[in-house]
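Data from my_file-v4.cif: mmCIF, C-alpha atoms
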data_my_file
loop_
_atom_site.label_atom_id
_atom_site.label_comp_id
_atom_site.auth_asym_id
_atom_site.auth_seq_id
_atom_site.Cartn_x
_atom_site.Cartn_y
_atom_site.Cartn_z
CA MET A 1 62.00 34.54 28.39
CA ASP A 2 60.92 34.18 32.00
CA PRO A 3 59.69 30.56 32.35
CA ASP A 4 57.20 31.70 35.00
CA ALA A 5 55.76 34.59 32.99
CA THR A 6 51.97 34.81 32.82
CA LEU A 7 50.06 35.05 29.58
CA ASP A 8 49.39 38.74 30.12
CA GLU A 9 53.10 39.39 30.63
CA LEU A 10 53.98 37.51 27.44
CA LEU A 11 51.37 39.29 25.34
CA ALA A 12 51.69 42.82 26.74
CA PRO A 13 54.75 43.88 24.66
CA HIS A 14 52.75 43.34 21.46
CA ARG A 15 49.51 45.09 22.43
CA ALA A 16 50.33 48.65 21.31
CA ALA A 17 51.47 47.54 17.85
CA ALA A 18 48.34 45.40 17.46
CA GLU A 19 45.99 48.30 18.20
CA VAL A 20 47.69 50.45 15.55
CA LEU A 21 47.68 47.67 12.97
CA LEU A 22 44.00 46.83 13.47
CA LEU A 23 42.82 50.19 12.19
CA ALA A 24 45.64 50.46 9.65
CA LEU A 25 44.29 47.36 7.91
CA LEU A 26 41.23 49.38 6.90
CA GLU A 27 43.23 52.29 5.53
CA GLY A 28 43.67 50.13 2.51
CA ARG A 29 46.86 50.09 0.53
CA HIS A 30 44.47 48.86 -2.14
CA LEU A 31 41.82 51.64 -2.13
CA TYR A 32 40.67 53.10 -5.42
CA VAL A 33 40.75 56.91 -5.31
CA ALA A 34 39.32 59.01 -8.13
CA PRO A 35 41.81 61.48 -9.68
CA GLY A 36 41.55 64.83 -7.94
CA ALA A 37 39.14 63.48 -5.32
CA PRO A 38 39.41 65.05 -1.88
CA ALA A 39 40.93 62.86 0.80
CA PRO A 40 39.83 60.74 2.49
CA PRO A 41 38.02 58.48 0.00
CA ALA A 42 34.22 58.42 0.20
CA GLY A 43 32.91 56.17 2.97
CA LEU A 44 36.26 55.58 4.62
CA PRO A 45 35.74 57.86 7.66
CA THR A 46 32.41 56.19 8.47
CA LEU A 47 33.92 52.76 7.96
CA GLN A 48 36.82 53.52 10.27
CA THR A 49 34.49 54.99 12.88
CA MET A 50 32.46 51.79 12.88
CA ALA A 51 35.58 49.63 13.01
CA GLN A 52 36.91 51.63 15.93
CA HIS A 53 33.56 51.24 17.72
CA GLN A 54 33.78 47.48 17.25
CA PHE A 55 37.36 47.31 18.51
CA GLU A 56 36.43 49.47 21.50
CA THR A 57 33.93 46.85 22.67
CA GLY A 58 37.05 45.31 24.17
CA GLY A 59 38.25 41.75 24.22
CA LYS A 60 41.60 40.31 25.13
CA ARG A 61 42.95 40.57 21.55
CA LEU A 62 44.23 37.00 21.87
CA ARG A 63 44.18 36.36 18.14
CA ALA A 64 46.17 39.55 17.52
CA LEU A 65 48.78 38.83 20.16
CA LEU A 66 49.38 35.08 20.15
CA THR A 67 51.18 34.87 16.82
CA PRO A 68 53.69 37.68 17.49
CA ALA A 69 54.32 36.38 21.02
CA ILE A 70 55.02 32.86 19.77
CA VAL A 71 57.15 34.02 16.83
CA LYS A 72 59.16 36.41 18.97
CA ALA A 73 59.83 33.63 21.49
CA GLY A 74 60.97 31.45 18.61
CA GLN A 75 63.21 34.25 17.25
CA GLY A 76 61.22 34.51 14.04
CA PRO A 77 60.13 37.55 11.94
CA LEU A 78 58.17 39.65 14.44
CA PRO A 79 56.86 42.35 12.01
CA ALA A 80 55.30 39.69 9.78
CA ALA A 81 53.79 37.93 12.80
CA SER A 82 52.30 41.20 14.03
CA VAL A 83 50.59 41.80 10.68
CA LEU A 84 49.20 38.27 10.58
CA GLY A 85 47.97 38.48 14.17
CA ALA A 86 46.18 41.77 13.51
CA ALA A 87 44.64 40.29 10.37
CA VAL A 88 43.24 37.30 12.28
CA GLU A 89 41.89 39.58 15.02
CA CYS A 90 40.29 41.83 12.41
CA VAL A 91 38.55 38.88 10.76
CA HIS A 92 37.40 37.64 14.16
CA ASN A 93 35.77 41.00 14.85
CA GLY A 94 34.06 40.90 11.47
CA THR A 95 32.45 37.60 12.42
CA LEU A 96 31.36 39.10 15.75
CA VAL A 97 29.65 42.03 14.02
CA HIS A 98 27.62 39.65 11.85
CA ASP A 99 27.02 37.30 14.79
CA ASP A 100 25.56 40.12 16.90
CA ILE A 101 23.16 41.05 14.09
CA GLN A 102 22.04 37.46 13.57
CA ASP A 103 21.51 36.87 17.29
CA GLY A 104 19.98 40.27 17.98
CA ASP A 105 22.55 40.88 20.73
CA ARG A 106 22.48 44.46 21.97
CA LEU A 107 25.53 44.15 24.20
CA ARG A 108 29.02 42.79 23.61
CA ARG A 109 31.28 42.70 26.65
CA GLY A 110 28.93 45.13 28.36
CA ARG A 111 29.00 47.74 25.56
CA PRO A 112 26.40 48.45 22.84
CA THR A 113 26.92 46.32 19.76
CA LEU A 114 27.76 47.99 16.47
CA TRP A 115 24.37 47.45 14.82
CA THR A 116 22.53 49.13 17.71
CA ARG A 117 24.52 52.33 17.11
CA HIS A 118 24.84 52.42 13.32
CA GLY A 119 21.97 50.23 12.14
CA ALA A 120 22.11 46.69 10.78
CA ALA A 121 22.75 47.74 7.17
CA GLN A 122 25.88 49.76 7.94
CA ALA A 123 27.04 47.17 10.48
CA ILE A 124 26.91 44.53 7.73
CA ASN A 125 29.13 46.77 5.60
CA ALA A 126 31.58 47.15 8.48
CA GLY A 127 31.60 43.43 9.11
CA ASP A 128 32.25 42.75 5.44
CA ALA A 129 35.21 45.13 5.46
CA LEU A 130 36.66 43.58 8.60
CA LEU A 131 36.50 40.17 6.91
CA ILE A 132 37.96 41.15 3.56
CA ALA A 133 40.50 43.93 4.17
CA PRO A 134 42.93 41.70 6.13
CA LEU A 135 43.23 39.28 3.21
CA ALA A 136 44.17 42.07 0.80
CA SER A 137 46.62 43.46 3.33
CA ILE A 138 48.41 40.14 3.82
CA LEU A 139 48.86 39.77 0.08
CA GLN A 140 50.51 43.20 -0.10
CA ALA A 141 52.26 43.41 3.28
CA PRO A 142 55.94 44.37 2.87
CA GLU A 143 56.56 42.93 6.34
CA ILE A 144 55.77 39.42 5.06
CA ALA A 145 58.14 37.58 2.75
CA PRO A 146 56.61 37.42 -0.75
CA SER A 147 56.91 33.63 -0.79
CA LEU A 148 54.71 33.36 2.31
CA ARG A 149 52.02 35.91 1.43
CA PRO A 150 49.84 33.58 -0.70
CA GLN A 151 50.18 30.77 1.83
CA LEU A 152 49.15 32.97 4.77
CA ALA A 153 46.30 34.56 2.82
CA ALA A 154 45.03 31.10 1.86
CA LEU A 155 45.32 30.00 5.50
CA LEU A 156 43.23 32.95 6.69
CA SER A 157 40.70 32.54 3.86
CA GLN A 158 40.16 28.87 4.62
CA SER A 159 39.91 29.61 8.33
CA LEU A 160 37.24 32.20 7.61
CA ILE A 161 35.25 29.80 5.43
CA GLU A 162 35.36 27.18 8.18
CA THR A 163 34.29 29.77 10.77
CA ILE A 164 31.30 30.73 8.60
CA ARG A 165 30.45 27.05 8.28
CA GLY A 166 30.53 26.85 12.07
CA GLN A 167 28.14 29.80 12.37
CA VAL A 168 25.76 28.15 9.91
CA ALA A 169 25.90 24.99 12.02
CA ASP A 170 25.42 27.03 15.20
CA LEU A 171 22.23 28.60 13.89
CA GLY A 172 21.09 25.18 12.69
CA LEU A 173 21.76 23.69 16.11
CA ARG A 174 18.96 25.82 17.55
CA GLU A 175 16.54 24.25 15.08
CA LEU A 176 17.31 20.69 16.22
CA GLU A 177 14.62 19.28 18.44
CA ARG A 178 17.06 17.33 20.59
CA PRO A 179 20.70 18.36 20.05
CA ASP A 180 23.31 16.30 21.85
CA LEU A 181 26.88 16.79 23.04
CA ALA A 182 28.37 15.58 19.75
CA ASP A 183 26.28 18.11 17.80
CA MET A 184 27.43 21.00 19.95
CA THR A 185 31.07 19.93 20.07
CA ALA A 186 31.18 19.79 16.27
CA VAL A 187 29.71 23.29 16.06
CA HIS A 188 32.21 24.79 18.48
CA ILE A 189 35.19 23.13 16.82
CA ALA A 190 34.05 24.54 13.47
CA LYS A 191 33.12 27.98 14.77
CA THR A 192 35.99 28.85 17.11
CA GLY A 193 38.86 26.53 16.25
CA PRO A 194 39.76 27.77 12.74
CA LEU A 195 40.89 31.30 13.62
CA PHE A 196 42.91 30.08 16.57
CA GLY A 197 44.34 27.53 14.18
CA ALA A 198 45.31 30.36 11.82
CA CYS A 199 47.27 31.95 14.68
CA PHE A 200 49.16 28.77 15.49
CA VAL A 201 49.67 27.46 11.95
CA GLY A 202 50.73 30.95 10.85
CA ALA A 203 53.28 31.06 13.66
CA ALA A 204 54.63 27.64 12.65
CA LEU A 205 54.97 28.77 9.03
CA LEU A 206 56.71 32.00 9.97
CA LEU A 207 59.12 30.04 12.17
CA GLY A 208 59.89 27.72 9.26
CA LEU A 209 58.76 24.59 11.10
CA GLY A 210 58.08 21.33 9.28
CA PRO A 211 54.81 19.69 8.19
CA ASP A 212 54.45 17.67 11.40
CA ALA A 213 54.63 20.84 13.48
CA VAL A 214 52.15 22.58 11.16
CA ALA A 215 49.71 19.67 11.52
CA ALA A 216 50.07 19.78 15.30
CA ALA A 217 49.48 23.54 15.25
CA HIS A 218 46.25 22.93 13.34
CA ASP A 219 45.11 20.40 15.95
CA LEU A 220 46.07 22.85 18.66
CA GLY A 221 43.70 25.42 17.17
CA ARG A 222 40.87 22.88 17.37
CA ASP A 223 41.48 22.13 21.06
CA ILE A 224 42.03 25.76 22.08
CA GLY A 225 38.88 26.80 20.22
CA LEU A 226 36.86 24.09 21.95
CA ALA A 227 38.33 24.97 25.34
CA PHE A 228 37.52 28.62 24.74
CA GLN A 229 33.85 27.77 24.13
CA VAL A 230 33.53 25.42 27.10
CA ARG A 231 35.06 28.11 29.29
CA ASP A 232 32.70 30.72 27.84
CA ASP A 233 29.72 28.47 28.66
CA LEU A 234 30.98 28.04 32.21
CA LEU A 235 31.45 31.79 32.64
CA ASP A 236 27.84 32.32 31.58
CA VAL A 237 26.69 29.99 34.36
CA LEU A 238 29.17 31.10 37.01
CA GLY A 239 29.02 34.87 36.45
CA GLU A 240 28.63 37.66 33.95
CA LYS A 241 30.58 37.56 30.71
CA GLY A 242 29.77 41.01 29.37
CA ARG A 243 26.34 40.23 27.90
CA GLY A 244 24.12 41.09 30.83
CA PRO A 245 23.40 38.91 33.88
CA PRO A 246 24.26 35.19 34.13
CA GLY A 247 22.19 32.93 31.91
CA ALA A 248 22.41 35.05 28.73
CA ASP A 249 22.77 31.89 26.62
CA LEU A 250 19.71 30.36 28.27
CA ARG A 251 17.67 33.48 27.50
CA GLU A 252 18.64 33.16 23.83
CA GLY A 253 17.80 29.47 23.64
CA LYS A 254 21.41 28.37 23.24
CA TRP A 255 22.52 24.97 24.43
CA THR A 256 25.72 25.03 26.49
CA PHE A 257 28.03 22.39 27.91
CA PRO A 258 26.88 22.67 31.55
CA PHE A 259 23.27 22.04 30.54
CA LEU A 260 23.89 19.22 28.04
CA LEU A 261 26.23 17.52 30.51
CA ALA A 262 23.57 17.77 33.22
CA LEU A 263 20.97 15.89 31.18
CA PRO A 264 22.25 12.33 31.80
CA ASN A 265 21.65 12.81 35.54
CA SER A 266 18.18 14.30 35.18
CA ALA A 267 14.71 12.81 35.11
CA PRO A 268 12.98 12.58 31.71
CA GLN A 269 10.42 15.22 32.66
CA GLN A 270 13.24 17.65 33.53
CA SER A 271 14.91 17.03 30.18
CA ASP A 272 11.61 17.59 28.39
CA ALA A 273 11.05 20.83 30.32
CA LEU A 274 14.52 22.13 29.43
CA TYR A 275 14.17 21.27 25.76
CA GLY A 276 10.80 23.01 25.78
CA LEU A 277 12.12 26.13 27.48
CA LEU A 278 15.03 26.49 25.05
CA GLY A 279 12.76 25.86 22.09
CA ARG A 280 10.43 28.63 23.20
CA ALA A 281 13.40 30.96 23.72
CA VAL A 282 14.56 30.36 20.14
CA ALA A 283 11.02 31.20 18.99
CA GLY A 284 11.22 34.53 20.82
CA GLN A 285 9.62 33.65 24.15
CA ALA A 286 12.52 34.28 26.52
CA PRO A 287 12.41 32.64 29.95
CA THR A 288 11.65 34.81 32.96
CA ASP A 289 14.37 35.82 35.40
CA SER A 290 13.02 33.37 37.95
CA GLU A 291 13.10 30.53 35.40
CA VAL A 292 16.69 31.37 34.47
CA THR A 293 17.72 31.38 38.14
CA ALA A 294 16.01 28.05 38.73
CA TRP A 295 17.63 26.38 35.74
CA LEU A 296 21.07 27.73 36.61
CA SER A 297 20.67 26.13 40.05
CA TRP A 298 19.52 22.95 38.37
CA ALA A 299 22.66 22.79 36.20
CA HIS A 300 24.78 22.97 39.36
CA ALA A 301 22.69 20.41 41.25
CA GLN A 302 22.68 17.91 38.38
CA GLY A 303 26.47 17.98 38.08
CA GLY A 304 26.54 19.77 34.73
CA VAL A 305 28.90 22.50 35.91
CA THR A 306 31.28 19.99 37.49
CA ALA A 307 31.22 17.87 34.34
CA ALA A 308 31.90 20.92 32.15
CA ARG A 309 34.89 21.80 34.32
CA ALA A 310 36.25 18.28 33.79
CA TYR A 311 35.59 18.52 30.05
CA LEU A 312 37.54 21.76 29.94
CA ALA A 313 40.46 20.19 31.83
CA THR A 314 40.58 17.23 29.41
CA THR A 315 40.48 19.53 26.37
CA LEU A 316 43.32 21.66 27.74
CA ALA A 317 45.37 18.53 28.45
CA ARG A 318 45.09 17.62 24.75
CA ALA A 319 46.07 21.17 23.83
CA ARG A 320 49.23 20.94 25.94
CA LEU A 321 50.22 17.72 24.14
CA CYS A 322 49.68 19.40 20.76
CA THR A 323 51.81 22.31 21.93
CA GLN A 324 54.73 19.98 22.63
CA ARG A 325 54.46 18.59 19.08
CA ALA A 326 53.98 21.96 17.41
CA PHE A 327 56.51 24.33 18.94
CA PRO A 328 60.00 24.14 20.44
CA GLU A 329 60.89 25.90 23.65
CA PRO A 330 60.56 28.74 24.47
CA ALA A 331 57.80 29.37 21.89
CA ALA A 332 55.73 26.59 23.46
CA ARG A 333 55.66 28.47 26.76
CA VAL A 334 53.34 31.08 25.27
CA VAL A 335 50.74 28.44 24.48
CA VAL A 336 51.19 26.74 27.85
CA ALA A 337 50.53 30.10 29.49
CA LEU A 338 47.36 30.39 27.38
CA CYS A 339 46.21 26.96 28.55
CA ASN A 340 46.83 27.98 32.15
CA ARG A 341 44.79 31.13 31.60
CA LEU A 342 41.89 29.25 30.08
CA ALA A 343 41.87 26.87 33.02
CA ALA A 344 41.16 29.82 35.35
CA LEU A 345 37.45 30.70 35.39
CA ASP A 346 37.81 34.29 36.48
CA GLY A 347 36.64 36.31 33.50
#
Structure encoded using structure tokens:
Amino acid sequence: MDPDATLDELLAPHRAAAEVLLLALLEGRHLYVAPGAPAPPAGLPTLQTMAQHQFETGGKRLRALLTPAIVKAGQGPLPAASVLGAAVECVHNGTLVHDDIQDGDRLRRGRPTLWTRHGAAQAINAGDALLIAPLASILQAPEIAPSLRPQLAALLSQSLIETIRGQVADLGLRELERPDLADMTAVHIAKTGPLFGACFVGAALLLGLGPDAVAAAHDLGRDIGLAFQVRDDLLDVLGEKGRGPPGADLREGKWTFPFLLALPNSAPQQSDALYGLLGRAVAGQAPTDSEVTAWLSWAHAQGGVTAARAYLATTLARARLCTQRAFPEPAARVVVALCNRLAALDG
């Protein structure tokens, strides 16, 4: 492995296999087919069309590619790692489908969300399938050693439950009159950390690493998930992130790190005004474009953006320490490359 390879270079060899596996998970080695029924089974073509639409909204496929890249670098079982990575990515997309419906988002990464094309009812069905099919596939995957299948399925199941808990907390956060940094940090750790943790813990298990490494891999998922969210918040302030113009989170009434970190330097009347604006946005009264522009400038002027950058750097420093405890070289280089990528705020 080239010690200077970028994250894209390390992940690229696994991308084609991941795209094939993502849709294959929904073919269902476990489908019930009536005797003599014409193929394909009823509902499957529509389901696959919706899944393909969701996958075509883009994304970096990090959850699909990290596990095979790490396992390959560690000379572990690549086919099993590819299946697990695709399963985690599939579950992640299922949560996004439901998230878009709950938030009323019409765009994801600049493309129409699934529910806007197929309706909320069918999108819920697609999201359900994307959440459940990967678990059944792991339990039956010939690529995965039988002794590891229950352990990996349990890992993904628990990660999904924790992610759902994080989404519940995220929706509840918007109902708090005065959320603080601790509230939001807890939400992001619960919402984004578990599926990254499944990637890293799964890689450690497939490489046959010990309990200390597995524990460090779990902690690594927490820090990478938190870093991912801080970075996402910064991208929303600094430029577009595929959901319309800058300030999409502000328009939806979502608290973000740059704004919460700006509050300690602001006057009480400014804090009250911001809490009021976000509360009205949650109630359906979105701020005007001029208000969004003004508050984005305020977040910069009050040091919130600078503080969020520092918070991101600290979180990634913890992640690098976890990486050293979780994985031997050269597998650790994949995660270090990920940390370097997350440190760059360029989309």
Check which residues of range 95-159 of chain A sit at most 9 Å from range 193-214 of chain A using only C-alpha atoms, and return one row each with the closest pair of atoms and their distance in Å to one decimal, ordered by chain and rising number, as a tab-separated table.
residue	atom	partner	partner_atom	distance
A:Ile144	CA	A:Leu206	CA	8.9
A:Leu148	CA	A:Leu206	CA	8.0
A:Gln151	CA	A:Leu205	CA	8.9
A:Leu152	CA	A:Gly202	CA	6.6
A:Leu155	CA	A:Ala198	CA	6.3
A:Leu156	CA	A:Ala198	CA	6.1
A:Gln158	CA	A:Pro194	CA	8.2
A:Ser159	CA	A:Pro194	CA	4.8
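Taking CA of Pro258 in chain A and CA of Val230 in chain A as the two end points, the separation is 8.5 Å.
Between CA of Ala332 in chain A and CA of Asp223 in chain A lies a distance of 15.1 Å.
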Check the smallest atom-to-atom distance from each of A:Ala319, A:Val336, A:Ala141, A:Ala262 to Leu226 in chain A using only C-alpha atoms, then report the winner. A:Ala319
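Ranking A:Ala121, A:Leu26, A:Ala18, A:Ala343 by their shortest atom-to-atom distance to Thr67 in chain A, with all atoms listed in the file included, puts A:Ala18 first.
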Point-to-point distance from CA of Asp346 in chain A to CA of Pro246 in chain A, Å rounded to tenths: 13.8 Å
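Comparing A:Ala337, A:Leu44, A:Leu139, A:Val237 by their smallest distance to Val292 in chain A, the closest is A:Val237 (using all atoms listed in the file).
If you measure from each of A:Pro68, A:Gly74, A:Gly225, A:Gly279 to Pro330 in chain A using only C-alpha atoms, the closest one turns out to be A:Gly74.
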Nearby residues (all atoms listed in the file) at most 9 Å from Gln229 in chain A, same-chain spacing under 3 positions excluded, as a list in words: His188, Ile189, Thr192, Ile224, Gly225, Leu226, Asp232, Asp233, Leu234, Thr256 and Phe257 of chain A
Near range 166-175 of chain A, counting only C-alpha atoms, which residues have an atom at most 8 Å away, once you skip same-chain residues fewer than 2 positions from it, shown as a ChimeraX atom specification? /A:99,162-164,177,179,183-184,187-192,253-255,279,282
Could you please take those selected residues and save C-alpha atoms as a PDB file, in the frame of the given file?
ATOM      1  CA  ASP A  99      27.020  37.300  14.790  1.00  0.00           C
ATOM      2  CA  GLU A 162      35.360  27.180   8.180  1.00  0.00           C
ATOM      3  CA  THR A 163      34.290  29.770  10.770  1.00  0.00           C
ATOM      4  CA  ILE A 164      31.300  30.730   8.600  1.00  0.00           C
ATOM      5  CA  GLU A 177      14.620  19.280  18.440  1.00  0.00           C
ATOM      6  CA  PRO A 179      20.700  18.360  20.050  1.00  0.00           C
ATOM      7  CA  ASP A 183      26.280  18.110  17.800  1.00  0.00           C
ATOM      8  CA  MET A 184      27.430  21.000  19.950  1.00  0.00           C
ATOM      9  CA  VAL A 187      29.710  23.290  16.060  1.00  0.00           C
ATOM     10  CA  HIS A 188      32.210  24.790  18.480  1.00  0.00           C
ATOM     11  CA  ILE A 189      35.190  23.130  16.820  1.00  0.00           C
ATOM     12  CA  ALA A 190      34.050  24.540  13.470  1.00  0.00           C
ATOM     13  CA  LYS A 191      33.120  27.980  14.770  1.00  0.00           C
ATOM     14  CA  THR A 192      35.990  28.850  17.110  1.00  0.00           C
ATOM     15  CA  GLY A 253      17.800  29.470  23.640  1.00  0.00           C
ATOM     16  CA  LYS A 254      21.410  28.370  23.240  1.00  0.00           C
ATOM     17  CA  TRP A 255      22.520  24.970  24.430  1.00  0.00           C
ATOM     18  CA  GLY A 279      12.760  25.860  22.090  1.00  0.00           C
ATOM     19  CA  VAL A 282      14.560  30.360  20.140  1.00  0.00           C
TER      20      VAL A 282
END
Ref. answer, residues at most 7 Å from (27.3, 53.5, 5.5) with only C-alpha atoms, as a ChimeraX atom specification: /A:43,46,122,125
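Closest approach to Leu78 in chain A among A:Ala344, A:Ala216, A:Leu65, A:Ala283: A:Leu65, based on only C-alpha atoms.
Candidate residues A:Arg333, A:Leu238, A:Leu66, A:Gln324 were compared for distance to His300 in chain A, and the nearest is A:Leu238, using all atoms listed in the file.
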Given the file above and the PyMOL selection byres ((chain A and resi 304) around 8), which residues are selected, and can you give them as an mmCIF file with C-alpha atoms, keeping the file's coordinate frame?
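Resulting contents of selection.cif:
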data_model
loop_
_atom_site.group_PDB
_atom_site.id
_atom_site.type_symbol
_atom_site.label_atom_id
_atom_site.label_comp_id
_atom_site.auth_asym_id
_atom_site.auth_seq_id
_atom_site.Cartn_x
_atom_site.Cartn_y
_atom_site.Cartn_z
ATOM 1 C CA PHE A 257 28.030 22.390 27.910
ATOM 2 C CA PRO A 258 26.880 22.670 31.550
ATOM 3 C CA PHE A 259 23.270 22.040 30.540
ATOM 4 C CA LEU A 260 23.890 19.220 28.040
ATOM 5 C CA LEU A 261 26.230 17.520 30.510
ATOM 6 C CA ALA A 262 23.570 17.770 33.220
ATOM 7 C CA LEU A 263 20.970 15.890 31.180
ATOM 8 C CA ALA A 299 22.660 22.790 36.200
ATOM 9 C CA HIS A 300 24.780 22.970 39.360
ATOM 10 C CA ALA A 301 22.690 20.410 41.250
ATOM 11 C CA GLN A 302 22.680 17.910 38.380
ATOM 12 C CA GLY A 303 26.470 17.980 38.080
ATOM 13 C CA VAL A 305 28.900 22.500 35.910
ATOM 14 C CA THR A 306 31.280 19.990 37.490
ATOM 15 C CA ALA A 307 31.220 17.870 34.340
ATOM 16 C CA ALA A 308 31.900 20.920 32.150
#
Taking the point (45.9, 43.6, 13.7) as given in the file, collect each protein or nucleic acid residue that comes within 6 Å of it, counting all atoms listed in the file, and present the set as JSON, numbers by chain. {"A": [18, 21, 22, 64, 83, 85, 86, 87, 89]}
Leaving out Thr288 in chain A and any residue of its chain fewer than 2 positions from it, which residues lie within 12 Å of it when counting only C-alpha atoms, given as JSON, numbers by chain? {"A": [247, 248, 250, 251, 252, 277, 278, 280, 281, 285, 286, 290, 291, 292, 293, 294, 295]}
What does the file look like for those residues with C-alpha atoms, as a compact mmCIF listing (two decimals), in the frame of the given file?
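Listed below is the output, again31.txt:
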# COMPACT_ATOMS: atom_id res chain seq x y z
CA GLY A 247 22.19 32.93 31.91
CA ALA A 248 22.41 35.05 28.73
CA LEU A 250 19.71 30.36 28.27
CA ARG A 251 17.67 33.48 27.50
CA GLU A 252 18.64 33.16 23.83
CA LEU A 277 12.12 26.13 27.48
CA LEU A 278 15.03 26.49 25.05
CA ARG A 280 10.43 28.63 23.20
CA ALA A 281 13.40 30.96 23.72
CA GLN A 285 9.62 33.65 24.15
CA ALA A 286 12.52 34.28 26.52
CA SER A 290 13.02 33.37 37.95
CA GLU A 291 13.10 30.53 35.40
CA VAL A 292 16.69 31.37 34.47
CA THR A 293 17.72 31.38 38.14
CA ALA A 294 16.01 28.05 38.73
CA TRP A 295 17.63 26.38 35.74
Could you rebuild range 332-347 of chain A with N, CA and C atoms and give it back as a compact mmCIF listing (two decimals), in the frame of the given file?
# COMPACT_ATOMS: atom_id res chain seq x y z
N ALA A 332 56.82 27.37 22.88
CA ALA A 332 55.73 26.59 23.46
C ALA A 332 55.23 27.19 24.77
N ARG A 333 56.07 27.92 25.47
CA ARG A 333 55.66 28.47 26.76
C ARG A 333 54.51 29.46 26.62
N VAL A 334 54.44 30.13 25.49
CA VAL A 334 53.34 31.08 25.27
C VAL A 334 52.01 30.33 25.26
N VAL A 335 51.98 29.20 24.57
CA VAL A 335 50.74 28.44 24.48
C VAL A 335 50.41 27.77 25.82
N VAL A 336 51.42 27.31 26.52
CA VAL A 336 51.19 26.74 27.85
C VAL A 336 50.59 27.79 28.77
N ALA A 337 51.09 29.02 28.68
CA ALA A 337 50.53 30.10 29.49
C ALA A 337 49.07 30.37 29.11
N LEU A 338 48.74 30.24 27.82
CA LEU A 338 47.36 30.39 27.38
C LEU A 338 46.49 29.30 27.99
N CYS A 339 46.97 28.07 27.96
CA CYS A 339 46.21 26.96 28.55
C CYS A 339 45.97 27.20 30.03
N ASN A 340 46.99 27.69 30.72
CA ASN A 340 46.83 27.98 32.15
C ASN A 340 45.79 29.06 32.37
N ARG A 341 45.78 30.05 31.46
CA ARG A 341 44.79 31.13 31.60
C ARG A 341 43.38 30.63 31.37
N LEU A 342 43.21 29.78 30.38
CA LEU A 342 41.89 29.25 30.08
C LEU A 342 41.37 28.34 31.19
N ALA A 343 42.28 27.73 31.91
CA ALA A 343 41.87 26.87 33.02
C ALA A 343 41.31 27.66 34.19
N ALA A 344 41.64 28.96 34.26
CA ALA A 344 41.16 29.82 35.35
C ALA A 344 39.83 30.44 34.94
N LEU A 345 38.80 30.21 35.72
CA LEU A 345 37.45 30.70 35.39
C LEU A 345 37.18 32.01 36.14
N ASP A 346 37.93 33.02 35.77
CA ASP A 346 37.81 34.29 36.48
C ASP A 346 37.65 35.45 35.50
N GLY A 347 36.91 35.24 34.44
CA GLY A 347 36.64 36.31 33.50
C GLY A 347 37.64 36.41 32.37
